[in-house]
Amino acid sequence: MIYRMGAALMSLLGLFVSAYLYLYKIGRIGTLACGSGGCETVQTSPWSRIAGVEVALIGVIGYALLFVLAMLALQPALASRRWPADLLSALAAGGVLFTAYLTWLELFVIHAICRWCVGSAVIIVTVLVLALLARRRAPEPRAT
């Protein structure tokens with residue numbers, strides 16, 4: 001239960017980070033608090049959109065899904081079930097792979113590092129670790 005709670009908390013933190021970046025991207029925030037020009041360079045690059053969708057919006061949606069799932073997994077009816085931890089692990093693993101791709105773009109294509117993106121990367125890896133620990137603690141599915 002504690003791992004699912006930790007995954008929910010970290011997902012909420014990731015939601016705040018991605019919402020902050022999305023608000024910047026749509027012009028609701030004037031400048032990013034970054035300390036270097038790397039954040040603006042990354043956020044205004046052509047790679048900040050995938051198939052016409054802002055990467056930050058993808059983050060908002062992804063972290064929101066993770067948060068909702070982690071919160072549902074804390075409900076008494078699902079607390080002893082394994083599938084929420086399995087699904088949380090799968091979604092977080094997808095997020096880690098997507099983040100790895102974005103980090104590769106930052107390092108080798110854009111040549112700039114966004115500190116907020118690095119923070120998000122740490123958050124999604126933490127969510128994955130917590131989800132895997134929750135999965136390990138979850139009871140095995142019953143054979144029918």
# chains A, B, ... in the order shown; residues from 1 in each chain; ligands from 1

call {"tool": "residues_around", "arguments": {"residues": "Gly6 in chain A", "least_positions_apart": "3", "cutoff": "12 Å", "atoms": "only C-alpha atoms", "output": "number ranges by chain"}}
result
A: 1-3, 9-13, 66-67, 70-71, 73-74, 123-124, 126-134

call {"tool": "closest_residue", "arguments": {"among": "A:Leu72, A:Leu23, A:Leu57, A:Ile50", "to": "Ala85 in chain A", "atoms": "only C-alpha atoms"}}
result
A:Leu72

call {"tool": "select_by_dssp", "arguments": {"residues": "chain A", "states": "helix (DSSP H, G or I)", "output": "PyMOL selection string"}}
result
chain A and resi 2-25+38-43+46-48+55-73+76-79+83-110+115-137

call {"tool": "atom_distance", "arguments": {"atom1": "CA of Thr99 in chain A", "atom2": "CA of Ser120 in chain A"}}
result
8.3 Å

call {"tool": "residues_around", "arguments": {"residues": "range 101-106 of chain A", "least_positions_apart": "4", "cutoff": "10 Å", "atoms": "only C-alpha atoms", "output": "short mmCIF file (atom, residue, chain, number, x, y, z; two decimals) with N, CA and C atoms, in the first residue's frame"}}
result
data_model
loop_
_atom_site.label_atom_id
_atom_site.label_comp_id
_atom_site.auth_asym_id
_atom_site.auth_seq_id
_atom_site.Cartn_x
_atom_site.Cartn_y
_atom_site.Cartn_z
N GLY A 38 18.63 26.58 -21.29
CA GLY A 38 18.34 25.24 -21.79
C GLY A 38 16.86 24.91 -21.82
N THR A 41 15.22 26.68 -24.75
CA THR A 41 15.71 26.08 -26.00
C THR A 41 14.97 24.78 -26.28
N VAL A 42 14.83 23.95 -25.26
CA VAL A 42 14.15 22.67 -25.42
C VAL A 42 12.66 22.89 -25.68
N SER A 45 11.93 24.20 -29.22
CA SER A 45 12.50 23.44 -30.34
C SER A 45 11.40 22.77 -31.15
N TRP A 47 11.16 19.79 -31.73
CA TRP A 47 10.92 18.48 -31.12
C TRP A 47 10.07 18.58 -29.86
N SER A 48 9.57 19.78 -29.55
CA SER A 48 8.70 19.92 -28.38
C SER A 48 7.26 19.54 -28.71
N VAL A 55 4.60 18.09 -26.20
CA VAL A 55 5.15 17.04 -25.33
C VAL A 55 4.71 17.28 -23.89
N GLY A 95 6.24 5.40 -19.89
CA GLY A 95 6.70 6.77 -19.61
C GLY A 95 8.21 6.87 -19.54
N VAL A 96 8.85 5.86 -18.96
CA VAL A 96 10.32 5.86 -18.88
C VAL A 96 10.92 5.75 -20.28
N LEU A 97 10.35 4.89 -21.12
CA LEU A 97 10.86 4.76 -22.50
C LEU A 97 10.69 6.06 -23.28
N ILE A 110 19.01 18.44 -29.86
CA ILE A 110 18.76 19.82 -29.47
C ILE A 110 20.01 20.45 -28.86
N HIS A 111 20.84 19.65 -28.23
CA HIS A 111 22.06 20.11 -27.56
C HIS A 111 21.76 21.12 -26.46
N ALA A 112 20.73 20.84 -25.69
CA ALA A 112 20.36 21.66 -24.53
C ALA A 112 19.65 20.75 -23.53
N ILE A 113 19.83 21.08 -22.27
CA ILE A 113 19.21 20.30 -21.21
C ILE A 113 18.22 21.19 -20.46
N CYS A 114 17.01 20.69 -20.30
CA CYS A 114 15.98 21.38 -19.52
C CYS A 114 15.96 20.75 -18.13
N CYS A 117 12.80 19.02 -17.33
CA CYS A 117 12.69 17.72 -18.00
C CYS A 117 13.50 16.66 -17.26
N VAL A 118 14.65 17.05 -16.75
CA VAL A 118 15.46 16.12 -15.95
C VAL A 118 14.69 15.74 -14.68
N ALA A 121 12.11 13.31 -15.55
CA ALA A 121 12.71 12.00 -15.78
C ALA A 121 12.95 11.27 -14.46
#

call {"tool": "select_by_dssp", "arguments": {"residues": "chain A", "states": "strand (DSSP E)", "output": "list in words"}}
result
Arg49, Ile50, Val53 and Glu54 of chain A

call {"tool": "residues_around", "arguments": {"residues": "Tyr22 in chain A", "least_positions_apart": "3", "cutoff": "7 Å", "atoms": "only C-alpha atoms", "output": "list in words"}}
result
Ser18, Ala19, Lys25, Ile26, Ala56 and Leu57 of chain A

call {"tool": "atom_distance", "arguments": {"atom1": "CA of Ala100 in chain A", "atom2": "CA of Val125 in chain A"}}
result
10.1 Å
